[in-house]
Each structure stands twice: as structure tokens, then as C-alpha cells.
file entry.txt (compact mmCIF, C-alpha atoms and all ligand atoms)
# COMPACT_ATOMS: atom_id res chain seq x y z
CA MET A 85 0.00 0.00 0.00
CA ARG A 86 1.29 3.47 -0.82
CA ALA A 87 0.42 5.80 2.01
CA ARG A 88 -0.30 9.46 1.33
CA VAL A 89 0.87 10.92 4.56
CA ASP A 90 2.31 14.39 4.25
CA PHE A 91 4.70 15.79 6.85
CA ARG A 92 6.63 18.05 4.45
CA SER A 93 5.58 21.38 5.91
CA ASP A 94 2.74 23.21 7.55
CA ASN A 95 2.54 25.16 4.29
CA VAL A 96 1.03 22.15 2.51
CA GLY A 97 -2.11 22.31 4.65
CA ALA A 98 -5.64 23.27 3.72
CA VAL A 99 -7.32 26.51 4.78
CA SER A 100 -9.45 26.42 7.93
CA PRO A 101 -13.19 26.52 7.12
CA GLU A 102 -13.66 29.52 9.44
CA ILE A 103 -11.23 31.52 7.30
CA LEU A 104 -12.88 30.56 4.04
CA LYS A 105 -16.21 31.54 5.54
CA ALA A 106 -14.82 34.92 6.59
CA LEU A 107 -13.61 35.52 3.04
CA GLU A 108 -17.07 34.79 1.72
CA SER A 109 -18.62 37.15 4.27
CA ALA A 110 -16.22 39.92 3.21
CA ASN A 111 -17.21 39.41 -0.42
CA THR A 112 -20.17 41.77 -0.37
CA GLY A 113 -20.17 44.73 -2.72
CA PRO A 114 -17.60 47.51 -2.87
CA ALA A 115 -15.29 48.50 -0.03
CA ALA A 116 -12.58 51.16 0.22
CA ALA A 117 -9.21 50.00 -1.12
CA TYR A 118 -5.66 49.93 0.30
CA GLY A 119 -6.66 49.29 3.92
CA GLU A 120 -9.19 52.11 4.27
CA ASP A 121 -11.97 49.54 4.64
CA ASP A 122 -13.94 48.47 7.72
CA TRP A 123 -12.29 45.06 7.94
CA THR A 124 -8.78 46.51 8.19
CA ARG A 125 -9.96 49.05 10.75
CA HIS A 126 -11.49 46.24 12.76
CA LEU A 127 -8.31 44.19 12.36
CA ASN A 128 -6.36 46.90 14.16
CA GLU A 129 -8.93 47.09 16.93
CA ARG A 130 -9.13 43.32 17.25
CA PHE A 131 -5.36 42.87 17.43
CA SER A 132 -5.03 45.78 19.87
CA GLY A 133 -7.44 43.87 22.11
CA LEU A 134 -5.55 40.63 21.60
CA PHE A 135 -2.18 42.22 22.43
CA GLU A 136 -3.62 44.40 25.23
CA THR A 137 -2.05 47.53 23.78
CA THR A 138 -2.51 49.71 20.72
CA VAL A 139 -0.87 48.00 17.77
CA THR A 140 -0.83 48.70 14.07
CA VAL A 141 -1.23 45.68 11.82
CA PHE A 142 0.04 45.53 8.26
CA PRO A 143 -1.14 42.44 6.39
CA VAL A 144 1.42 41.10 3.90
CA ALA A 145 1.49 38.15 1.53
CA THR A 146 4.36 36.08 2.91
CA GLY A 147 6.48 35.52 5.97
CA THR A 148 9.53 36.62 4.03
CA ALA A 149 7.91 39.96 3.23
CA ALA A 150 6.95 40.35 6.90
CA ASN A 151 10.46 39.62 8.11
CA ALA A 152 12.43 41.52 5.52
CA ILE A 153 10.30 44.65 5.42
CA ALA A 154 9.84 44.79 9.20
CA LEU A 155 13.59 44.41 9.67
CA SER A 156 14.31 47.05 7.05
CA THR A 157 12.62 49.60 9.31
CA LEU A 158 14.73 48.54 12.28
CA THR A 159 18.16 49.12 10.79
CA PRO A 160 19.93 51.70 8.67
CA PRO A 161 21.54 50.32 5.47
CA TYR A 162 24.90 50.38 7.26
CA GLY A 163 23.53 48.50 10.28
CA THR A 164 23.72 44.89 11.39
CA ILE A 165 20.99 42.61 12.69
CA PHE A 166 21.95 39.89 15.15
CA CYS A 167 20.22 36.56 14.59
CA HIS A 168 20.81 32.84 14.98
CA GLU A 169 22.89 31.18 12.28
CA ALA A 170 19.89 28.93 11.55
CA ALA A 171 17.43 31.84 11.29
CA HIS A 172 15.03 31.63 8.36
CA VAL A 173 15.95 35.23 7.48
CA HIS A 174 19.49 34.01 6.88
CA THR A 175 19.02 30.51 5.47
CA SER A 176 15.84 30.63 3.44
CA GLU A 177 14.83 34.09 2.28
CA ALA A 178 17.28 34.66 -0.57
CA GLY A 179 18.82 37.72 1.07
CA ALA A 180 15.47 39.56 1.28
CA THR A 181 16.41 41.37 4.49
CA GLU A 182 19.69 42.55 3.01
CA PHE A 183 17.82 43.62 -0.15
CA PHE A 184 14.93 45.50 1.48
CA SER A 185 17.17 47.17 4.04
CA GLY A 186 19.41 48.50 1.31
CA GLY A 187 22.33 46.32 2.28
CA ALA A 188 22.27 45.87 6.06
CA LYS A 189 24.27 42.92 7.36
CA LEU A 190 23.19 39.90 9.37
CA THR A 191 25.55 38.97 12.21
CA LEU A 192 25.13 35.26 12.88
CA LEU A 193 25.28 33.85 16.39
CA GLY A 194 25.11 30.33 17.80
CA GLY A 195 22.93 29.11 20.64
CA ALA A 196 21.69 25.67 21.70
CA GLY A 197 18.35 24.49 20.31
CA TYR A 198 18.54 27.18 17.62
CA ARG A 199 17.85 29.75 20.34
CA LEU A 200 19.92 32.90 20.76
CA ASN A 201 21.53 33.30 24.11
CA ALA A 202 21.46 36.70 25.82
CA ALA A 203 25.04 36.46 27.12
CA GLU A 204 26.38 35.65 23.67
CA LEU A 205 24.34 38.47 22.16
CA ASP A 206 25.70 40.86 24.77
CA GLN A 207 29.26 39.84 23.95
CA ALA A 208 28.66 40.11 20.20
CA VAL A 209 27.26 43.62 20.58
CA ALA A 210 30.18 44.62 22.80
CA SER A 211 32.68 43.51 20.16
CA SER A 212 30.73 44.79 17.16
CA GLY A 213 32.54 48.12 16.95
CA ARG A 214 29.82 50.59 17.75
CA ASP A 215 30.70 54.07 16.45
CA GLN A 216 33.66 52.71 14.51
CA TRP A 217 32.90 53.86 11.02
CA HIS A 218 34.68 50.89 9.44
CA ARG A 219 32.17 48.50 10.95
CA ALA A 220 28.50 47.74 10.34
CA GLN A 221 26.61 49.33 13.23
CA PRO A 222 24.62 47.23 15.73
CA ALA A 223 20.97 47.98 14.99
CA ALA A 224 18.62 45.10 15.79
CA VAL A 225 18.17 41.57 17.02
CA SER A 226 15.78 39.04 15.50
CA VAL A 227 14.56 35.84 17.17
CA THR A 228 12.36 33.10 15.72
CA GLN A 229 9.52 31.85 17.95
CA ALA A 230 8.96 28.89 17.63
CA THR A 231 12.44 28.26 16.25
CA GLU A 232 13.47 26.58 13.03
CA PHE A 233 14.25 23.50 15.13
CA GLY A 234 10.80 23.21 16.67
CA THR A 235 12.00 24.52 20.01
CA VAL A 236 10.44 27.38 21.94
CA TYR A 237 12.13 30.25 23.78
CA ARG A 238 11.02 30.51 27.39
CA LEU A 239 9.82 33.94 28.50
CA ASN A 240 12.84 34.48 30.73
CA GLU A 241 15.15 33.81 27.76
CA LEU A 242 13.28 36.34 25.63
CA ALA A 243 13.25 38.82 28.51
CA ALA A 244 17.03 38.50 28.84
CA ILE A 245 17.45 39.15 25.11
CA GLY A 246 15.05 42.08 25.40
CA GLU A 247 17.12 43.48 28.25
CA VAL A 248 20.33 43.32 26.20
CA ALA A 249 18.51 44.90 23.25
CA HIS A 250 17.19 47.73 25.40
CA ARG A 251 20.53 48.37 27.10
CA SER A 252 22.35 48.29 23.75
CA SER A 253 19.83 50.39 21.80
CA LEU A 254 18.98 47.49 19.50
CA ARG A 255 15.53 47.17 18.00
CA PHE A 256 13.90 43.82 18.80
CA HIS A 257 12.09 41.72 16.15
CA MET A 258 10.41 38.33 16.30
CA ASP A 259 9.84 36.01 13.35
CA GLY A 260 6.55 34.50 14.46
CA ALA A 261 5.85 32.28 11.48
CA ARG A 262 4.82 29.75 14.18
CA PHE A 263 3.84 32.31 16.81
CA ALA A 264 0.64 30.46 17.73
CA ASN A 265 2.45 27.15 18.18
CA ALA A 266 4.87 28.76 20.63
CA LEU A 267 2.09 30.59 22.44
CA ALA A 268 0.12 27.37 22.83
CA THR A 269 3.18 25.69 24.33
CA LEU A 270 3.98 28.46 26.79
CA GLY A 271 0.36 29.11 27.73
CA CYS A 272 1.10 32.81 28.17
CA THR A 273 -0.62 35.81 26.59
CA PRO A 274 0.43 37.37 23.27
CA ALA A 275 1.42 40.49 25.24
CA ASP A 276 3.69 38.45 27.54
CA MET A 277 5.58 37.04 24.56
CA THR A 278 6.00 40.35 22.71
CA TRP A 279 5.91 44.00 23.76
CA ARG A 280 6.15 43.29 27.49
CA LEU A 281 9.60 41.91 26.67
CA GLY A 282 10.49 44.99 24.66
CA LEU A 283 9.59 43.74 21.19
CA ASP A 284 9.28 46.48 18.54
CA ALA A 285 7.83 44.46 15.68
CA LEU A 286 6.45 40.97 15.14
CA SER A 287 6.10 38.95 11.95
CA PHE A 288 2.79 37.33 12.79
CA GLY A 289 2.27 34.04 10.98
CA ALA A 290 -1.12 32.65 9.97
CA THR A 291 -0.53 30.78 6.71
CA LYS A 292 1.14 27.75 8.31
CA ASN A 293 -1.64 27.35 10.84
CA GLY A 294 -4.77 27.21 8.69
CA GLY A 295 -4.54 30.63 7.04
CA MET A 296 -4.79 31.05 3.29
CA ASN A 297 -2.29 33.66 2.22
CA ALA A 298 -2.06 36.42 4.78
CA GLU A 299 0.65 37.11 7.31
CA ALA A 300 1.05 40.39 9.17
CA ILE A 301 3.58 42.78 10.59
CA VAL A 302 2.38 43.82 14.04
CA VAL A 303 4.02 47.05 15.17
CA PHE A 304 4.33 47.88 18.87
CA THR A 305 6.53 50.95 18.52
CA PRO A 306 4.46 53.75 16.94
CA GLU A 307 7.42 55.70 15.53
CA LEU A 308 8.07 52.85 13.08
CA ILE A 309 4.66 53.05 11.44
CA LYS A 310 5.18 55.90 8.97
CA ASP A 311 8.38 54.50 7.54
CA LEU A 312 6.95 51.01 7.35
CA ARG A 313 3.88 52.17 5.44
CA HIS A 314 6.08 53.70 2.72
CA ARG A 315 8.31 50.66 2.55
CA LEU A 316 5.37 48.29 2.19
CA ARG A 317 3.82 50.32 -0.63
CA ARG A 318 7.16 50.52 -2.37
CA SER A 319 7.64 46.75 -2.06
CA GLY A 320 4.27 45.96 -3.56
CA GLN A 321 2.97 44.65 -0.25
CA THR A 322 -0.01 46.96 0.14
CA TRP A 323 -2.96 45.01 -1.18
CA SER A 324 -5.59 47.09 -2.94
CA LYS A 325 -8.32 44.67 -1.79
CA MET A 326 -6.94 44.64 1.73
CA ARG A 327 -10.29 43.65 3.24
CA PHE A 328 -9.72 40.04 2.16
CA ALA A 329 -6.39 39.84 3.98
CA ALA A 330 -7.86 41.57 7.04
CA ALA A 331 -10.88 39.23 7.03
CA GLN A 332 -8.57 36.21 7.12
CA LEU A 333 -6.55 37.57 10.03
CA ILE A 334 -9.63 38.55 12.04
CA ALA A 335 -11.11 35.07 11.57
CA TYR A 336 -7.76 33.56 12.48
CA VAL A 337 -7.84 35.01 15.99
CA GLU A 338 -11.64 34.96 16.50
CA ASP A 339 -12.66 32.59 19.30
CA ASP A 340 -8.98 31.71 19.66
CA LEU A 341 -8.98 29.77 16.38
CA PHE A 342 -5.23 30.32 16.05
CA LEU A 343 -4.57 28.79 19.46
CA ARG A 344 -6.97 25.90 19.01
CA SER A 345 -5.38 25.09 15.66
CA ALA A 346 -1.85 25.33 17.04
CA ARG A 347 -2.74 23.09 19.98
CA GLN A 348 -4.04 20.48 17.55
CA ALA A 349 -0.85 20.53 15.47
CA ASN A 350 1.38 20.54 18.56
CA THR A 351 -0.52 17.60 20.06
CA LEU A 352 -0.02 15.56 16.89
CA ALA A 353 3.71 16.32 16.99
CA THR A 354 3.91 15.22 20.62
CA GLN A 355 2.09 11.97 19.78
CA LEU A 356 4.44 11.38 16.87
CA ALA A 357 7.53 12.01 19.00
CA GLU A 358 6.27 9.79 21.83
CA GLY A 359 5.59 6.96 19.40
CA LEU A 360 8.99 7.32 17.77
CA ALA A 361 10.73 7.29 21.15
CA ARG A 362 9.46 3.73 21.64
CA ILE A 363 11.05 2.46 18.39
CA PRO A 364 14.71 1.32 18.47
CA HIS A 365 17.37 2.81 16.13
CA VAL A 366 15.56 6.09 15.64
CA THR A 367 16.21 9.27 17.60
CA VAL A 368 14.16 12.39 17.97
CA ILE A 369 17.04 14.85 18.09
CA ALA A 370 15.39 18.00 19.42
CA PRO A 371 12.85 18.59 22.14
CA VAL A 372 9.43 18.66 20.48
CA GLU A 373 8.00 21.92 21.79
CA ALA A 374 5.83 22.99 18.86
CA ASN A 375 4.67 21.13 15.74
CA GLU A 376 7.96 19.89 14.27
CA VAL A 377 9.84 16.65 14.83
CA PHE A 378 13.44 16.17 13.74
CA LEU A 379 14.19 12.50 13.39
CA GLN A 380 17.51 10.75 12.98
CA VAL A 381 17.03 7.42 11.30
CA PRO A 382 19.20 5.11 9.16
CA PRO A 383 19.38 6.36 5.54
CA ARG A 384 17.96 3.08 4.20
CA ALA A 385 14.86 3.57 6.31
CA ILE A 386 14.41 7.07 4.91
CA ASP A 387 14.67 5.77 1.35
CA TRP A 388 12.13 3.07 2.14
CA LEU A 389 9.67 5.43 3.83
CA ALA A 390 9.88 7.76 0.83
CA ALA A 391 9.31 4.86 -1.54
CA GLU A 392 6.27 3.87 0.52
CA GLY A 393 4.82 7.29 -0.24
CA PHE A 394 5.44 9.10 3.04
CA LEU A 395 6.27 12.73 2.43
CA PHE A 396 8.74 14.69 4.57
CA SER A 397 11.70 16.98 4.23
CA ARG A 398 15.11 15.28 4.17
CA ARG A 399 17.66 17.50 5.83
CA SER A 400 20.72 15.22 5.52
CA PRO A 401 21.29 11.53 4.63
CA ASP A 402 20.02 10.41 8.04
CA LEU A 403 17.87 13.32 9.22
CA ILE A 404 14.29 14.17 8.34
CA ARG A 405 11.92 16.89 9.45
CA LEU A 406 8.30 15.99 10.08
CA VAL A 407 5.82 18.83 10.44
CA CYS A 408 2.36 18.32 11.92
CA ARG A 409 -0.53 20.47 10.78
CA VAL A 410 -3.90 21.57 12.06
CA ASP A 411 -5.51 19.50 9.30
CA GLY A 412 -3.35 16.47 10.02
CA SER A 413 -4.77 13.39 11.72
CA GLU A 414 -3.98 10.76 14.32
CA GLU A 415 -4.45 8.19 11.57
CA GLU A 416 -1.48 9.68 9.69
CA ILE A 417 0.63 9.44 12.84
CA ARG A 418 -0.45 5.84 13.33
CA LEU A 419 0.39 4.90 9.73
CA PHE A 420 3.82 6.51 9.92
CA LEU A 421 4.71 4.95 13.27
CA ALA A 422 3.59 1.53 12.05
CA ALA A 423 5.74 1.89 8.94
CA VAL A 424 8.85 2.93 10.88
CA GLN A 425 8.29 0.09 13.34
CA ARG A 426 7.89 -2.40 10.48
CA PHE A 427 11.13 -1.31 8.85
CA MET A 428 13.11 -1.32 12.08
CA GLU A 429 11.97 -4.83 12.98
CA ARG A 430 13.51 -6.05 9.74
CA LEU A 431 16.93 -4.54 10.55
C1 LIG B 501 10.70 30.29 10.59
C2 LIG B 501 10.07 30.79 9.34
N1 LIG B 501 10.01 32.11 9.13
C3 LIG B 501 9.40 32.62 8.05
C4 LIG B 501 8.83 31.80 7.10
C5 LIG B 501 8.08 32.44 6.00
O1 LIG B 501 8.28 32.03 4.76
P1 LIG B 501 7.39 32.38 3.49
O2 LIG B 501 7.96 33.62 2.91
O3 LIG B 501 7.63 31.21 2.63
O4 LIG B 501 5.96 32.58 3.86
C6 LIG B 501 8.90 30.41 7.26
C7 LIG B 501 8.35 29.49 6.24
O5 LIG B 501 8.76 28.39 6.04
C8 LIG B 501 9.55 29.89 8.41
O6 LIG B 501 9.63 28.57 8.62
call {"tool": "encode", "arguments": {"input": "entry.txt", "output": "C-alpha cells", "more": "lines below"}}
Ligand SMILES: Cc1ncc(COP(=O)(O)O)c(C=O)c1O
result
Amino acid sequence: MRARVDFRSDNVGAVSPEILKALESANTGPAAAYGEDDWTRHLNERFSGLFETTVTVFPVATGTAANAIALSTLTPPYGTIFCHEAAHVHTSEAGATEFFSGGAKLTLLGGAGYRLNAAELDQAVASSGRDQWHRAQPAAVSVTQATEFGTVYRLNELAAIGEVAHRSSLRFHMDGARFANALATLGCTPADMTWRLGLDALSFGATKNGGMNAEAIVVFTPELIKDLRHRLRRSGQTWSKMRFAAAQLIAYVEDDLFLRSARQANTLATQLAEGLARIPHVTVIAPVEANEVFLQVPPRAIDWLAAEGFLFSRRSPDLIRLVCRVDGSEEEIRLFLAAVQRFMERL
């Protein structure tokens, strides 16, 4: 039997019915363009309630646009942005941040579990050559929550990074492509994980968690808004029919849909990891704290699983990434675990 079980990415998932319904409801007659509509106004009010402070929300098409354009407002072209060496902005966005910022640099740092470490950041800033005109100038720090390794920063870790950022006059950005997954894990409020820690701007993900094609830049620091608005227009990221992006994002947070969806995906990942832990010769190599599982397994097993029709992302000859989605199922987990078990018994 060829299974059709898909763990490649959370981007392969379907759109949540609530979001499709919201799009249909927004599809009634004319509405003002470029964000002057009622839905976008309501989006700002709704997110200000969610974050317990006045925020400005700019819907954009992709997470890359959110990251790169948000970061471009946080650094001068001669600045540098500190981030983890595994950060999506460095590894997977084709230099978008460097492009949109007009040439700012990324300074790459280490950190266990793909998490930046405040002490290392502090040291890097201290040796970065502030006010030396031969050096790129320290401007911002960017963290990914949840990380590219499926781990989650604890609030005290983020607070420590925020403290270094504040003390060192760095702007603070979060790539929240999987913001809801991290929030569900920590069980804190959106405010606790963002502006209360000193965050200036958040790339707020929705697409991976049941959204269709809207992400957002959420701005906590009002002085950034004017610049950002110009940059977004100039980058072709100001939708004329903004109401349809706003409608998606409103539906995404209504009745905590984003959290319920993230909990579902996280639970599937936990079940997958627990099942794998019981099978010999395979190792889950990172703590499963969101919806991703990184699995070390003999290369022959990976080839066999792929031939059986299981879909996943192969990161190296013996390492695969499995991503669980809101529209995934326990049956998929069961099928995958049974297949791995079957192969391992034959070893
Ligand atoms: C950590 C992280 N940040 C940002 C993104 C956004 O990417 P995209 O521009 O493909 O929406 C992704 C998508 O894979 C991601 O995993």
C-alpha cells in the first residue's frame, strides 16, 4: 500500500473553514481599497485587544515579506541585525532582508536548540565596533519563535534578550511564522511574549496554521509606522483589496482559532515524538515543543519510507523533518509509526 501521509511542511495544509467563511462574508459589494476599509480598521482594533495595547497591523502576503520589510525599518543600510545562524531570514529568504534594508548585514550567532543566548548576544554587541565607522553598526536583534528547530524560547530567555537589546539600543524583532504554536506551548498571553519583553515588531504568521495567504507585521513601537507604510507600498505589499487579507486575520484570531489550531498541530507532533521514542534505532534529536519533529534514522529507512509514499523533508542523509498540521490526523501518525516500526523490525 502506498500511504499518502504528508509531513513536508505546515505550508502544505488546507485553509481552515472559518477563514474561508470569513472571506465569503467579506465578499459583499464595494469597499474602500488599500486598507481604508472596515475590515482593516477592525483588524487593528481586534489585534489591539488581543495584544492588550494599541498596535498597528500591516497584512502582507508572505512571511519573508513580513520579516524583511519589518527588519528594514529597524536598521539603517549600514547597520547589522543579530540573529541565529539557523534563522530563516538568513538561510531561506534569498537575502530579502539585506535587499529591502538597502544592504544591512546579518551577524550570525550560535545558541543551543537554535535559540539565541542573551550572554552571547551581549558579547557580540560589545565587540561589534559601535561608532567605529569601518564597521556595520549594531541595529537590531531578531529571534524566531517557535524556532526553526521546533523549540520554543522561554519567557525568561526572551526577557534576557530584550534586556540586552534595550541596554544596547537594538531594535527587537520576532519572526513569528509559528507564533501560535509557541504561544500554545507556553500558555502565556500574546502580550507576555511580545511588547512586554520589549519587542518592537512581530512577523505574525497565519498561513502555516490554517490561514490562506495572509501574514502580518504587528508594530508595537508607533514611531516605526510611517516609515513602514512607505516601505510596504514601495515593495508591492499593500494590497488594494486589503479587506480580504484583514478578514482572514480577524477570523484567524476569532474565538482563539489560532490557538486551538496550534494546539491540535502541537498535540499531533507530541504523539508522533512519543511513538517514535518507543522504536529502536531512531532518535528524535530535538525537544518537540511545537509542531515539528526532527528524526535521525538510518538512511535506508528514509529511502524506504519515501518509496512507501510518506512525504517529509530530508535534511541530511540520516535526518528528516516531520511537520504536523492543524488539518493532520492521528491516523497519519499511526500509519507513519507503524511503517517505521515495520522497517526497524527487519533490521
Ligand atoms: C521560521 C520561518 N520564518 C518565516 C517563514 C516564511 O516564509 P514564506 O515567505 O515562505 O511565507 C517560514 C516558512 O517556512 C519559516 O519557517
call {"tool": "closest_residue", "arguments": {"input": "entry.txt", "among": "A:Glu338, A:Asp311, A:Asp276, A:Asp206", "to": "A:Glu247", "atoms": "all atoms listed in the file"}}
result
A:Asp206
call {"tool": "residues_around", "arguments": {"input": "entry.txt", "residues": "A:Glu108", "least_positions_apart": "6", "cutoff": "12 Å", "atoms": "all atoms listed in the file", "output": "MDAnalysis selection string"}}
result
chainID A and resid 101:102 327:328 331:332 335
call {"tool": "closest_residue", "arguments": {"input": "entry.txt", "among": "A:Ala249, A:Ala268, A:Ala224, A:Ala171", "to": "ligand LIG 501 (chain B)", "atoms": "all atoms listed in the file"}}
result
A:Ala171
call {"tool": "residues_around", "arguments": {"input": "entry.txt", "residues": "A:Glu241", "least_positions_apart": "2", "cutoff": "12 Å", "atoms": "all atoms listed in the file", "output": "number ranges by chain"}}
result
A: 195, 199-203, 205, 227, 229, 236-239, 243-248, 277, 281
call {"tool": "residues_near_ligand", "arguments": {"input": "entry.txt", "ligand": "ligand LIG 501 (chain B)", "cutoff": "9 Å", "atoms": "all atoms listed in the file", "output": "count of residues only"}}
result
32
call {"tool": "closest_residue", "arguments": {"input": "entry.txt", "among": "A:Asn375, A:Thr278, A:Thr273, A:Ser226", "to": "A:Leu254", "atoms": "only C-alpha atoms"}}
result
A:Ser226
call {"tool": "residues_around", "arguments": {"input": "entry.txt", "residues": "stretch 415-426 of chain A", "least_positions_apart": "6", "cutoff": "12 Å", "atoms": "all atoms listed in the file", "output": "PyMOL selection string"}}
result
chain A and resi 85-91+349+351-367+377+379-382+384-396+406-409
call {"tool": "closest_residue", "arguments": {"input": "entry.txt", "among": "A:Ala154, A:Ala98, A:Leu104, A:Cys167", "to": "A:Ile301", "atoms": "only C-alpha atoms"}}
result
A:Ala154
call {"tool": "atom_distance", "arguments": {"input": "entry.txt", "atom1": "atom CA of A:Gly179", "atom2": "atom CA of A:Ala152"}}
result
8.7 Å
call {"tool": "atom_distance", "arguments": {"input": "entry.txt", "atom1": "atom CA of A:Met258", "atom2": "atom CA of A:Leu286"}}
result
4.9 Å
call {"tool": "closest_residue", "arguments": {"input": "entry.txt", "among": "A:Ser132, A:Asn265, A:Ser252, A:Thr138", "to": "A:Pro306", "atoms": "only C-alpha atoms"}}
result
A:Thr138
call {"tool": "closest_residue", "arguments": {"input": "entry.txt", "among": "A:Ile103, A:Arg313, A:Asn111, A:Asp284", "to": "A:His257", "atoms": "all atoms listed in the file"}}
result
A:Asp284
call {"tool": "build_atoms", "arguments": {"input": "entry.txt", "residues": "stretch 171-180 of chain A", "atoms": "all heavy atoms", "output": "PDB file, in the coordinates of the input"}}
result
ATOM      1  N   ALA A 171      18.656  31.041  11.470  1.00  0.00           N
ATOM      2  CA  ALA A 171      17.430  31.840  11.290  1.00  0.00           C
ATOM      3  C   ALA A 171      16.947  31.777   9.842  1.00  0.00           C
ATOM      4  O   ALA A 171      17.743  31.877   8.908  1.00  0.00           O
ATOM      5  CB  ALA A 171      17.687  33.288  11.696  1.00  0.00           C
ATOM      6  N   HIS A 172      15.641  31.661   9.700  1.00  0.00           N
ATOM      7  CA  HIS A 172      15.030  31.630   8.360  1.00  0.00           C
ATOM      8  C   HIS A 172      15.449  32.853   7.554  1.00  0.00           C
ATOM      9  O   HIS A 172      15.696  32.757   6.353  1.00  0.00           O
ATOM     10  CB  HIS A 172      13.506  31.576   8.532  1.00  0.00           C
ATOM     11  CG  HIS A 172      12.767  31.069   7.343  1.00  0.00           C
ATOM     12  ND1 HIS A 172      12.257  31.902   6.373  1.00  0.00           N
ATOM     13  CD2 HIS A 172      12.453  29.807   6.945  1.00  0.00           C
ATOM     14  CE1 HIS A 172      11.630  31.170   5.443  1.00  0.00           C
ATOM     15  NE2 HIS A 172      11.745  29.899   5.770  1.00  0.00           N
ATOM     16  N   VAL A 173      15.563  34.002   8.206  1.00  0.00           N
ATOM     17  CA  VAL A 173      15.950  35.230   7.480  1.00  0.00           C
ATOM     18  C   VAL A 173      17.332  35.080   6.853  1.00  0.00           C
ATOM     19  O   VAL A 173      17.635  35.710   5.841  1.00  0.00           O
ATOM     20  CB  VAL A 173      15.932  36.496   8.371  1.00  0.00           C
ATOM     21  CG1 VAL A 173      14.517  36.858   8.783  1.00  0.00           C
ATOM     22  CG2 VAL A 173      16.837  36.366   9.583  1.00  0.00           C
ATOM     23  N   HIS A 174      18.150  34.231   7.443  1.00  0.00           N
ATOM     24  CA  HIS A 174      19.490  34.010   6.880  1.00  0.00           C
ATOM     25  C   HIS A 174      19.521  32.854   5.893  1.00  0.00           C
ATOM     26  O   HIS A 174      20.130  32.949   4.833  1.00  0.00           O
ATOM     27  CB  HIS A 174      20.485  33.736   8.027  1.00  0.00           C
ATOM     28  CG  HIS A 174      21.813  33.274   7.533  1.00  0.00           C
ATOM     29  ND1 HIS A 174      22.580  34.017   6.655  1.00  0.00           N
ATOM     30  CD2 HIS A 174      22.511  32.118   7.761  1.00  0.00           C
ATOM     31  CE1 HIS A 174      23.690  33.345   6.372  1.00  0.00           C
ATOM     32  NE2 HIS A 174      23.667  32.197   7.016  1.00  0.00           N
ATOM     33  N   THR A 175      18.846  31.743   6.259  1.00  0.00           N
ATOM     34  CA  THR A 175      19.020  30.510   5.470  1.00  0.00           C
ATOM     35  C   THR A 175      18.061  30.396   4.293  1.00  0.00           C
ATOM     36  O   THR A 175      18.349  29.700   3.339  1.00  0.00           O
ATOM     37  CB  THR A 175      18.796  29.257   6.355  1.00  0.00           C
ATOM     38  OG1 THR A 175      17.427  29.263   6.803  1.00  0.00           O
ATOM     39  CG2 THR A 175      19.725  29.224   7.551  1.00  0.00           C
ATOM     40  N   SER A 176      16.911  31.035   4.363  1.00  0.00           N
ATOM     41  CA  SER A 176      15.840  30.630   3.440  1.00  0.00           C
ATOM     42  C   SER A 176      15.092  31.774   2.780  1.00  0.00           C
ATOM     43  O   SER A 176      14.000  31.558   2.250  1.00  0.00           O
ATOM     44  CB  SER A 176      14.824  29.763   4.211  1.00  0.00           C
ATOM     45  OG  SER A 176      15.482  28.740   4.913  1.00  0.00           O
ATOM     46  N   GLU A 177      15.605  32.989   2.853  1.00  0.00           N
ATOM     47  CA  GLU A 177      14.830  34.090   2.280  1.00  0.00           C
ATOM     48  C   GLU A 177      15.595  34.829   1.189  1.00  0.00           C
ATOM     49  O   GLU A 177      15.329  35.996   0.892  1.00  0.00           O
ATOM     50  CB  GLU A 177      14.331  35.014   3.410  1.00  0.00           C
ATOM     51  CG  GLU A 177      13.387  34.245   4.335  1.00  0.00           C
ATOM     52  CD  GLU A 177      12.782  35.027   5.477  1.00  0.00           C
ATOM     53  OE1 GLU A 177      13.028  36.251   5.587  1.00  0.00           O
ATOM     54  OE2 GLU A 177      12.061  34.407   6.280  1.00  0.00           O
ATOM     55  N   ALA A 178      16.579  34.149   0.617  1.00  0.00           N
ATOM     56  CA  ALA A 178      17.280  34.660  -0.570  1.00  0.00           C
ATOM     57  C   ALA A 178      17.837  36.069  -0.394  1.00  0.00           C
ATOM     58  O   ALA A 178      17.889  36.856  -1.347  1.00  0.00           O
ATOM     59  CB  ALA A 178      16.331  34.607  -1.781  1.00  0.00           C
ATOM     60  N   GLY A 179      18.227  36.396   0.832  1.00  0.00           N
ATOM     61  CA  GLY A 179      18.820  37.720   1.070  1.00  0.00           C
ATOM     62  C   GLY A 179      17.794  38.844   1.071  1.00  0.00           C
ATOM     63  O   GLY A 179      18.139  40.006   0.852  1.00  0.00           O
ATOM     64  N   ALA A 180      16.518  38.523   1.337  1.00  0.00           N
ATOM     65  CA  ALA A 180      15.470  39.560   1.280  1.00  0.00           C
ATOM     66  C   ALA A 180      15.720  40.682   2.294  1.00  0.00           C
ATOM     67  O   ALA A 180      15.489  41.853   1.996  1.00  0.00           O
ATOM     68  CB  ALA A 180      14.098  38.927   1.505  1.00  0.00           C
TER      69      ALA A 180
END
